[in-house]
Amino acid sequence: GILESVSGNWQAAYNSIKRSLDLRQKMGDVDGVAITNHNLGQLVRSLGDVAQAELFYRDSLAVSRPFQMNWHAANSYVGLSQSLLYQGKIDEASESLQESFRLAQEINAPDVIVEAYCTLAEIQLAKDQLLEAEESAQNAAKLASQIGVSPLLATAWRLTSASLLRQGNIEYAQQALENAWKALEDGPDRIEDGRLHAQAIMVAMATNDQEQARMHRAAAEQVFKQLGAARDLSMLESIEIQ
């Protein structure tokens with residue numbers, strides 16, 4: 001399932017990991033049940049079913065919290081926060097994220113903290129708190145650079161670009177996006193590649209470069225369709241290019 005996910009065969013990955021979950025439940029493998037529920041949450045969230053993702057994350061937490069599996073719980077609280085955010089439940093998303101930060105800091109899990117900062121930036125962007133979003137994204141970028149997690153570093157710079165662009169700082173938004181592309185060279189990630197192309201559309205439109213915008217749109221569309229990333233594809237289709 002993990003190999004299929006990395007290869008971009010998300011539906012096949014879902015089927016394999018779901019089979020793993022069923023087997024682990026029969027075996028009474030508590031740790032495995034927490035992990036596979038979390039992995040299924042990540043997959044279906046990426047596929048666009050954020051309501052189902054919420055259920056998987058909650059099932060993971062129902063196992064990890066009583067047994068004090070704090071790393072699993074911190075991870076699932078981040079995923080839950082993202083799923084709630086994408087459903088428009090911003091206050092609930094913020095509450096879940098606070099719990100993730102608390103647990104991740106308690107067990108010193110910098111990778112989880114990076115993702116939590118990225119999610120916080122997304123929440124702040126949704127609330128038009130642009131300066132705060134920029135700060136959160138930069139906190140994520142600094143920590144991701146320190147621990148060498150390239151895909152998350154790319155995500156942090158993309159969110160920095162988004163916040164700067166919405167503040168009207170086009171030149172700095174372009175630079176942040178270039179930093180994101182550079183980070184992704186060190187650790188390829190197909191969904192993040194598509195999302196960088198989507199952000200590049202916004203930057204190109206801000207500079208009235210319609211040709212570049214159309215080029216990046218085609219690239220993003222190809223990635224999202226190949227992966228089956230329905231939510232990302234829907235957001236892409238909502239962008240109008242003249």
# chains A, B, ... in the order shown; residues from 1 in each chain; ligands from 1
$ residues_around --residues "A:Leu143" --least-positions-apart "6" --cutoff "12 Å" --atoms "only C-alpha atoms" --output "ChimeraX atom specification"
/A:109-118,136-137,149-150,152-153,156-157
$ residues_around --residues "A:Leu97" --least-positions-apart "3" --cutoff "8 Å" --atoms "only C-alpha atoms" --output "PyMOL selection string"
chain A and resi 77-78+81+93-94+100-101+116+119-120
$ write_last_selection --atoms "C-alpha atoms" --output "JSON list (two decimals), in the first residue's frame"
[["chain", "number", "residue", "atom", "x", "y", "z"],
["A", 77, "TYR", "CA", -4.66, 15.48, 15.14],
["A", 78, "VAL", "CA", -2.89, 17.34, 12.30],
["A", 81, "SER", "CA", -7.39, 19.50, 11.62],
["A", 93, "ALA", "CA", -9.77, 22.58, 13.03],
["A", 94, "SER", "CA", -7.99, 25.07, 15.29],
["A", 100, "SER", "CA", -1.35, 18.30, 17.91],
["A", 101, "PHE", "CA", 1.08, 21.10, 18.79],
["A", 116, "ALA", "CA", 1.24, 21.59, 12.18],
["A", 119, "THR", "CA", -1.73, 23.62, 8.70],
["A", 120, "LEU", "CA", -1.85, 26.66, 10.97]]
$ residues_around --residues "A:Asn9" --least-positions-apart "6" --cutoff "9 Å" --atoms "only C-alpha atoms" --output "list of chain:residue names"
A:Gly1, A:Leu3, A:Gln226, A:Leu227, A:Gly228
$ closest_residue --among "A:Glu92, A:Asp31, A:Glu171, A:Asp49" --to "A:Ser64" --atoms "only C-alpha atoms"
A:Asp31
$ atom_distance --atom1 "atom CA of A:Tyr57" --atom2 "atom CA of A:Asn108"
21.2 Å
$ residues_around --residues "A:Tyr172" --least-positions-apart "2" --cutoff "12 Å" --atoms "only C-alpha atoms" --output "MDAnalysis selection string"
chainID A and resid 134 157:158 160:170 174:179 203
$ write_last_selection --atoms "N, CA and C atoms" --output "PDB file, in the first residue's frame"
ATOM      1  N   GLU A 134       1.968  34.106   7.042  1.00  0.00           N
ATOM      2  CA  GLU A 134       3.349  34.195   6.578  1.00  0.00           C
ATOM      3  C   GLU A 134       4.312  33.766   7.687  1.00  0.00           C
ATOM      4  N   TRP A 157       7.224  26.871   1.869  1.00  0.00           N
ATOM      5  CA  TRP A 157       7.519  27.988   0.973  1.00  0.00           C
ATOM      6  C   TRP A 157       6.331  28.310   0.069  1.00  0.00           C
ATOM      7  N   ARG A 158       5.575  27.290  -0.331  1.00  0.00           N
ATOM      8  CA  ARG A 158       4.368  27.551  -1.144  1.00  0.00           C
ATOM      9  C   ARG A 158       3.353  28.381  -0.359  1.00  0.00           C
ATOM     10  N   THR A 160       4.072  30.328   2.126  1.00  0.00           N
ATOM     11  CA  THR A 160       4.664  31.659   2.256  1.00  0.00           C
ATOM     12  C   THR A 160       4.352  32.477   1.008  1.00  0.00           C
ATOM     13  N   SER A 161       4.514  31.861  -0.155  1.00  0.00           N
ATOM     14  CA  SER A 161       4.215  32.539  -1.412  1.00  0.00           C
ATOM     15  C   SER A 161       2.758  32.970  -1.478  1.00  0.00           C
ATOM     16  N   ALA A 162       1.860  32.080  -1.047  1.00  0.00           N
ATOM     17  CA  ALA A 162       0.429  32.400  -1.086  1.00  0.00           C
ATOM     18  C   ALA A 162       0.100  33.591  -0.196  1.00  0.00           C
ATOM     19  N   SER A 163       0.688  33.616   1.000  1.00  0.00           N
ATOM     20  CA  SER A 163       0.401  34.729   1.915  1.00  0.00           C
ATOM     21  C   SER A 163       0.991  36.036   1.395  1.00  0.00           C
ATOM     22  N   LEU A 164       2.203  35.982   0.830  1.00  0.00           N
ATOM     23  CA  LEU A 164       2.831  37.189   0.288  1.00  0.00           C
ATOM     24  C   LEU A 164       2.065  37.712  -0.917  1.00  0.00           C
ATOM     25  N   LEU A 165       1.609  36.813  -1.767  1.00  0.00           N
ATOM     26  CA  LEU A 165       0.873  37.234  -2.959  1.00  0.00           C
ATOM     27  C   LEU A 165      -0.419  37.932  -2.572  1.00  0.00           C
ATOM     28  N   ARG A 166      -1.096  37.404  -1.584  1.00  0.00           N
ATOM     29  CA  ARG A 166      -2.353  38.018  -1.148  1.00  0.00           C
ATOM     30  C   ARG A 166      -2.124  39.337  -0.424  1.00  0.00           C
ATOM     31  N   GLN A 167      -0.891  39.557   0.044  1.00  0.00           N
ATOM     32  CA  GLN A 167      -0.538  40.861   0.617  1.00  0.00           C
ATOM     33  C   GLN A 167      -0.121  41.861  -0.460  1.00  0.00           C
ATOM     34  N   GLY A 168       0.005  41.380  -1.702  1.00  0.00           N
ATOM     35  CA  GLY A 168       0.404  42.248  -2.806  1.00  0.00           C
ATOM     36  C   GLY A 168       1.904  42.290  -3.036  1.00  0.00           C
ATOM     37  N   ASN A 169       2.661  41.446  -2.337  1.00  0.00           N
ATOM     38  CA  ASN A 169       4.112  41.413  -2.484  1.00  0.00           C
ATOM     39  C   ASN A 169       4.501  40.392  -3.561  1.00  0.00           C
ATOM     40  N   ILE A 170       4.274  40.762  -4.812  1.00  0.00           N
ATOM     41  CA  ILE A 170       4.422  39.812  -5.909  1.00  0.00           C
ATOM     42  C   ILE A 170       5.860  39.317  -6.057  1.00  0.00           C
ATOM     43  N   GLN A 174       7.085  35.473  -5.718  1.00  0.00           N
ATOM     44  CA  GLN A 174       7.810  34.738  -6.752  1.00  0.00           C
ATOM     45  C   GLN A 174       9.051  34.067  -6.179  1.00  0.00           C
ATOM     46  N   GLN A 175       9.784  34.790  -5.349  1.00  0.00           N
ATOM     47  CA  GLN A 175      11.001  34.246  -4.756  1.00  0.00           C
ATOM     48  C   GLN A 175      10.684  33.065  -3.843  1.00  0.00           C
ATOM     49  N   ALA A 176       9.616  33.205  -3.071  1.00  0.00           N
ATOM     50  CA  ALA A 176       9.214  32.112  -2.180  1.00  0.00           C
ATOM     51  C   ALA A 176       8.844  30.876  -2.988  1.00  0.00           C
ATOM     52  N   LEU A 177       8.183  31.087  -4.114  1.00  0.00           N
ATOM     53  CA  LEU A 177       7.807  29.961  -4.965  1.00  0.00           C
ATOM     54  C   LEU A 177       9.047  29.302  -5.566  1.00  0.00           C
ATOM     55  N   GLU A 178      10.022  30.092  -5.942  1.00  0.00           N
ATOM     56  CA  GLU A 178      11.278  29.529  -6.446  1.00  0.00           C
ATOM     57  C   GLU A 178      11.969  28.692  -5.369  1.00  0.00           C
ATOM     58  N   ASN A 179      11.906  29.156  -4.135  1.00  0.00           N
ATOM     59  CA  ASN A 179      12.466  28.384  -3.025  1.00  0.00           C
ATOM     60  C   ASN A 179      11.744  27.045  -2.863  1.00  0.00           C
ATOM     61  N   VAL A 203       0.644  33.325  -9.274  1.00  0.00           N
ATOM     62  CA  VAL A 203       1.743  34.286  -9.417  1.00  0.00           C
ATOM     63  C   VAL A 203       1.803  34.805 -10.848  1.00  0.00           C
TER      64      VAL A 203
END
$ closest_residue --among "A:Asn75, A:Gln212, A:Ser20, A:Ser238" --to "A:His38" --atoms "only C-alpha atoms"
A:Asn75
$ residues_around --residues "A:Gly88" --least-positions-apart "3" --cutoff "12 Å" --atoms "only C-alpha atoms" --output "ChimeraX atom specification"
/A:50-51,81-85,91-94,122-123,126-127
$ closest_residue --among "A:Ala121, A:Leu159, A:Ile191, A:Ile241" --to "A:Gln210" --atoms "only C-alpha atoms"
A:Ile241
$ residues_around --residues "A:Met205" --least-positions-apart "3" --cutoff "12 Å" --atoms "only C-alpha atoms" --output "ChimeraX atom specification"
/A:165,170,174,198-202,208-217,239-242
$ write_last_selection --atoms "N, CA, C and O atoms" --output "short mmCIF file (atom, residue, chain, number, x, y, z; two decimals), in the first residue's frame"
data_model
loop_
_atom_site.label_atom_id
_atom_site.label_comp_id
_atom_site.auth_asym_id
_atom_site.auth_seq_id
_atom_site.Cartn_x
_atom_site.Cartn_y
_atom_site.Cartn_z
N LEU A 165 1.61 36.81 -1.77
CA LEU A 165 0.87 37.23 -2.96
C LEU A 165 -0.42 37.93 -2.57
O LEU A 165 -0.78 38.97 -3.16
N ILE A 170 4.27 40.76 -4.81
CA ILE A 170 4.42 39.81 -5.91
C ILE A 170 5.86 39.32 -6.06
O ILE A 170 6.11 38.11 -6.23
N GLN A 174 7.09 35.47 -5.72
CA GLN A 174 7.81 34.74 -6.75
C GLN A 174 9.05 34.07 -6.18
O GLN A 174 9.34 32.91 -6.48
N ALA A 198 -0.09 24.96 -9.22
CA ALA A 198 -1.31 25.73 -8.97
C ALA A 198 -0.98 27.11 -8.39
O ALA A 198 -1.59 28.12 -8.76
N GLN A 199 -0.02 27.16 -7.47
CA GLN A 199 0.40 28.45 -6.92
C GLN A 199 1.08 29.29 -7.99
O GLN A 199 0.92 30.52 -8.04
N ALA A 200 1.83 28.64 -8.88
CA ALA A 200 2.50 29.35 -9.96
C ALA A 200 1.49 30.00 -10.90
O ALA A 200 1.79 31.05 -11.49
N ILE A 201 0.32 29.41 -11.05
CA ILE A 201 -0.75 30.03 -11.84
C ILE A 201 -1.11 31.38 -11.24
O ILE A 201 -1.22 32.39 -11.96
N MET A 202 -1.28 31.41 -9.92
CA MET A 202 -1.69 32.64 -9.25
C MET A 202 -0.62 33.72 -9.39
O MET A 202 -0.93 34.90 -9.61
N ASN A 208 0.34 39.19 -15.00
CA ASN A 208 -0.31 39.22 -16.33
C ASN A 208 0.41 38.36 -17.36
O ASN A 208 0.42 38.67 -18.55
N ASP A 209 1.02 37.28 -16.90
CA ASP A 209 1.67 36.34 -17.82
C ASP A 209 0.72 35.17 -18.05
O ASP A 209 0.84 34.11 -17.43
N GLN A 210 -0.21 35.37 -18.98
CA GLN A 210 -1.25 34.38 -19.22
C GLN A 210 -0.70 33.08 -19.80
O GLN A 210 -1.20 31.99 -19.52
N GLU A 211 0.35 33.20 -20.60
CA GLU A 211 0.93 32.01 -21.20
C GLU A 211 1.52 31.09 -20.13
O GLU A 211 1.32 29.87 -20.16
N GLN A 212 2.24 31.69 -19.18
CA GLN A 212 2.79 30.91 -18.08
C GLN A 212 1.68 30.31 -17.23
O GLN A 212 1.76 29.16 -16.78
N ALA A 213 0.63 31.09 -17.01
CA ALA A 213 -0.50 30.60 -16.22
C ALA A 213 -1.12 29.37 -16.87
O ALA A 213 -1.42 28.38 -16.20
N ARG A 214 -1.32 29.41 -18.19
CA ARG A 214 -1.91 28.27 -18.89
C ARG A 214 -0.98 27.05 -18.86
O ARG A 214 -1.43 25.91 -18.73
N MET A 215 0.32 27.29 -18.97
CA MET A 215 1.29 26.20 -18.93
C MET A 215 1.26 25.50 -17.57
O MET A 215 1.23 24.27 -17.50
N HIS A 216 1.24 26.29 -16.49
CA HIS A 216 1.21 25.71 -15.16
C HIS A 216 -0.14 25.02 -14.89
O HIS A 216 -0.19 24.01 -14.19
N ARG A 217 -1.19 25.56 -15.45
CA ARG A 217 -2.51 24.94 -15.27
C ARG A 217 -2.52 23.54 -15.89
O ARG A 217 -3.02 22.58 -15.28
N ILE A 239 -10.13 28.27 -10.87
CA ILE A 239 -9.25 29.39 -11.25
C ILE A 239 -9.52 29.77 -12.71
O ILE A 239 -9.39 28.94 -13.61
N GLU A 240 -9.91 31.00 -12.92
CA GLU A 240 -10.20 31.46 -14.28
C GLU A 240 -8.98 32.19 -14.85
O GLU A 240 -8.47 33.13 -14.25
N ILE A 241 -8.55 31.72 -16.01
CA ILE A 241 -7.44 32.36 -16.71
C ILE A 241 -7.98 33.02 -17.97
O ILE A 241 -8.69 32.41 -18.75
N GLN A 242 -7.65 34.29 -18.15
CA GLN A 242 -8.17 35.02 -19.30
C GLN A 242 -7.48 34.57 -20.59
O GLN A 242 -6.32 34.20 -20.59
#
$ atom_distance --atom1 "atom CA of A:Val33" --atom2 "atom CA of A:Arg45"
18.0 Å
$ atom_distance --atom1 "atom CA of A:Val30" --atom2 "atom CA of A:Ser96"
22.2 Å
$ closest_residue --among "A:Arg190, A:Arg19, A:Arg65, A:Arg231" --to "A:Glu99" --atoms "only C-alpha atoms"
A:Arg65
$ closest_residue --among "A:Leu47, A:Ala12, A:Val6, A:Leu21" --to "A:Asp189" --atoms "only C-alpha atoms"
A:Val6
$ closest_residue --among "A:Thr155, A:Ser16, A:Gln87, A:Thr207" --to "A:Lys182" --atoms "only C-alpha atoms"
A:Thr155
$ select_by_dssp --residues "stretch 50-175 of chain A" --states "alpha helix (DSSP H)" --output "ChimeraX atom specification"
/A:50-64,70-86,90-106,110-126,130-147,150-166,170-175
$ decode --residues "stretch 101-236 of chain A" --atoms "C-alpha atoms" --output "compact mmCIF listing (two decimals), in the first residue's frame"
# COMPACT_ATOMS: atom_id res chain seq x y z
CA PHE A 101 1.08 21.10 18.79
CA ARG A 102 0.84 20.21 22.49
CA LEU A 103 1.58 16.52 21.96
CA ALA A 104 4.27 17.07 19.33
CA GLN A 105 6.15 19.51 21.56
CA GLU A 106 5.74 17.20 24.55
CA ILE A 107 7.41 14.27 22.71
CA ASN A 108 9.75 16.46 20.63
CA ALA A 109 8.46 15.46 17.19
CA PRO A 110 9.76 18.20 14.83
CA ASP A 111 8.32 16.59 11.69
CA VAL A 112 4.83 16.78 13.17
CA ILE A 113 5.45 20.35 14.34
CA VAL A 114 6.42 21.37 10.80
CA GLU A 115 3.20 19.96 9.37
CA ALA A 116 1.24 21.59 12.18
CA TYR A 117 2.76 24.98 11.36
CA CYS A 118 1.83 24.47 7.69
CA THR A 119 -1.73 23.62 8.70
CA LEU A 120 -1.85 26.66 10.97
CA ALA A 121 -0.80 28.80 8.00
CA GLU A 122 -3.65 27.31 5.96
CA ILE A 123 -6.13 28.10 8.73
CA GLN A 124 -4.84 31.66 8.97
CA LEU A 125 -5.08 32.08 5.19
CA ALA A 126 -8.69 30.92 5.39
CA LYS A 127 -9.29 33.60 8.02
CA ASP A 128 -7.45 36.28 5.97
CA GLN A 129 -4.80 36.58 8.69
CA LEU A 130 -2.09 37.06 6.10
CA LEU A 131 0.79 38.29 8.25
CA GLU A 132 0.18 35.52 10.75
CA ALA A 133 0.03 32.96 7.94
CA GLU A 134 3.35 34.19 6.58
CA GLU A 135 4.94 33.88 10.02
CA SER A 136 3.59 30.35 10.54
CA ALA A 137 4.77 29.25 7.10
CA GLN A 138 8.22 30.67 7.78
CA ASN A 139 8.37 28.88 11.13
CA ALA A 140 7.59 25.68 9.23
CA ALA A 141 10.25 26.43 6.61
CA LYS A 142 12.96 27.04 9.21
CA LEU A 143 12.26 23.82 11.08
CA ALA A 144 11.81 21.76 7.89
CA SER A 145 15.18 23.01 6.66
CA GLN A 146 16.82 22.05 9.95
CA ILE A 147 15.51 18.48 9.91
CA GLY A 148 15.84 18.04 6.14
CA VAL A 149 12.24 17.21 5.14
CA SER A 150 12.16 18.52 1.58
CA PRO A 151 8.45 18.02 0.66
CA LEU A 152 7.35 19.83 3.82
CA LEU A 153 9.90 22.56 3.14
CA ALA A 154 8.36 22.99 -0.30
CA THR A 155 4.89 23.17 1.26
CA ALA A 156 6.06 25.83 3.73
CA TRP A 157 7.52 27.99 0.97
CA ARG A 158 4.37 27.55 -1.14
CA LEU A 159 2.22 28.79 1.73
CA THR A 160 4.66 31.66 2.26
CA SER A 161 4.21 32.54 -1.41
CA ALA A 162 0.43 32.40 -1.09
CA SER A 163 0.40 34.73 1.92
CA LEU A 164 2.83 37.19 0.29
CA LEU A 165 0.87 37.23 -2.96
CA ARG A 166 -2.35 38.02 -1.15
CA GLN A 167 -0.54 40.86 0.62
CA GLY A 168 0.40 42.25 -2.81
CA ASN A 169 4.11 41.41 -2.48
CA ILE A 170 4.42 39.81 -5.91
CA GLU A 171 8.22 39.85 -6.17
CA TYR A 172 8.69 38.18 -2.79
CA ALA A 173 5.90 35.72 -3.61
CA GLN A 174 7.81 34.74 -6.75
CA GLN A 175 11.00 34.25 -4.76
CA ALA A 176 9.21 32.11 -2.18
CA LEU A 177 7.81 29.96 -4.97
CA GLU A 178 11.28 29.53 -6.45
CA ASN A 179 12.47 28.38 -3.03
CA ALA A 180 9.64 25.84 -2.99
CA TRP A 181 10.64 24.45 -6.40
CA LYS A 182 14.26 24.19 -5.25
CA ALA A 183 13.24 22.31 -2.10
CA LEU A 184 11.23 19.82 -4.12
CA GLU A 185 14.30 18.96 -6.22
CA ASP A 186 15.82 17.36 -3.12
CA GLY A 187 12.74 15.31 -2.29
CA PRO A 188 10.18 14.81 -5.09
CA ASP A 189 6.52 14.69 -4.09
CA ARG A 190 3.92 14.49 -6.86
CA ILE A 191 0.97 16.09 -5.07
CA GLU A 192 3.14 18.96 -3.86
CA ASP A 193 4.48 19.35 -7.40
CA GLY A 194 0.92 19.82 -8.62
CA ARG A 195 0.18 22.30 -5.85
CA LEU A 196 3.28 24.31 -6.72
CA HIS A 197 2.05 24.52 -10.31
CA ALA A 198 -1.31 25.73 -8.97
CA GLN A 199 0.40 28.45 -6.92
CA ALA A 200 2.50 29.35 -9.96
CA ILE A 201 -0.75 30.03 -11.84
CA MET A 202 -1.69 32.64 -9.25
CA VAL A 203 1.74 34.29 -9.42
CA ALA A 204 1.68 34.31 -13.23
CA MET A 205 -1.78 35.88 -13.26
CA ALA A 206 -0.59 38.57 -10.85
CA THR A 207 2.12 39.49 -13.36
CA ASN A 208 -0.31 39.22 -16.33
CA ASP A 209 1.67 36.34 -17.82
CA GLN A 210 -1.25 34.38 -19.22
CA GLU A 211 0.93 32.01 -21.20
CA GLN A 212 2.79 30.91 -18.08
CA ALA A 213 -0.50 30.60 -16.22
CA ARG A 214 -1.91 28.27 -18.89
CA MET A 215 1.29 26.20 -18.93
CA HIS A 216 1.21 25.71 -15.16
CA ARG A 217 -2.51 24.94 -15.27
CA ALA A 218 -1.93 22.13 -17.77
CA ALA A 219 0.89 20.71 -15.63
CA ALA A 220 -1.17 20.86 -12.43
CA GLU A 221 -4.19 19.32 -14.12
CA GLN A 222 -2.11 16.41 -15.40
CA VAL A 223 -0.76 15.67 -11.92
CA PHE A 224 -4.13 15.92 -10.16
CA LYS A 225 -5.91 13.76 -12.74
CA GLN A 226 -3.23 11.09 -12.66
CA LEU A 227 -3.36 10.92 -8.85
CA GLY A 228 -7.13 11.25 -8.60
CA ALA A 229 -6.76 14.27 -6.33
CA ALA A 230 -10.37 15.41 -6.64
CA ARG A 231 -10.26 18.31 -4.18
CA ASP A 232 -7.13 19.82 -5.73
CA LEU A 233 -8.59 19.36 -9.21
CA SER A 234 -11.81 21.10 -8.18
CA MET A 235 -9.87 24.06 -6.75
CA LEU A 236 -7.79 24.21 -9.95
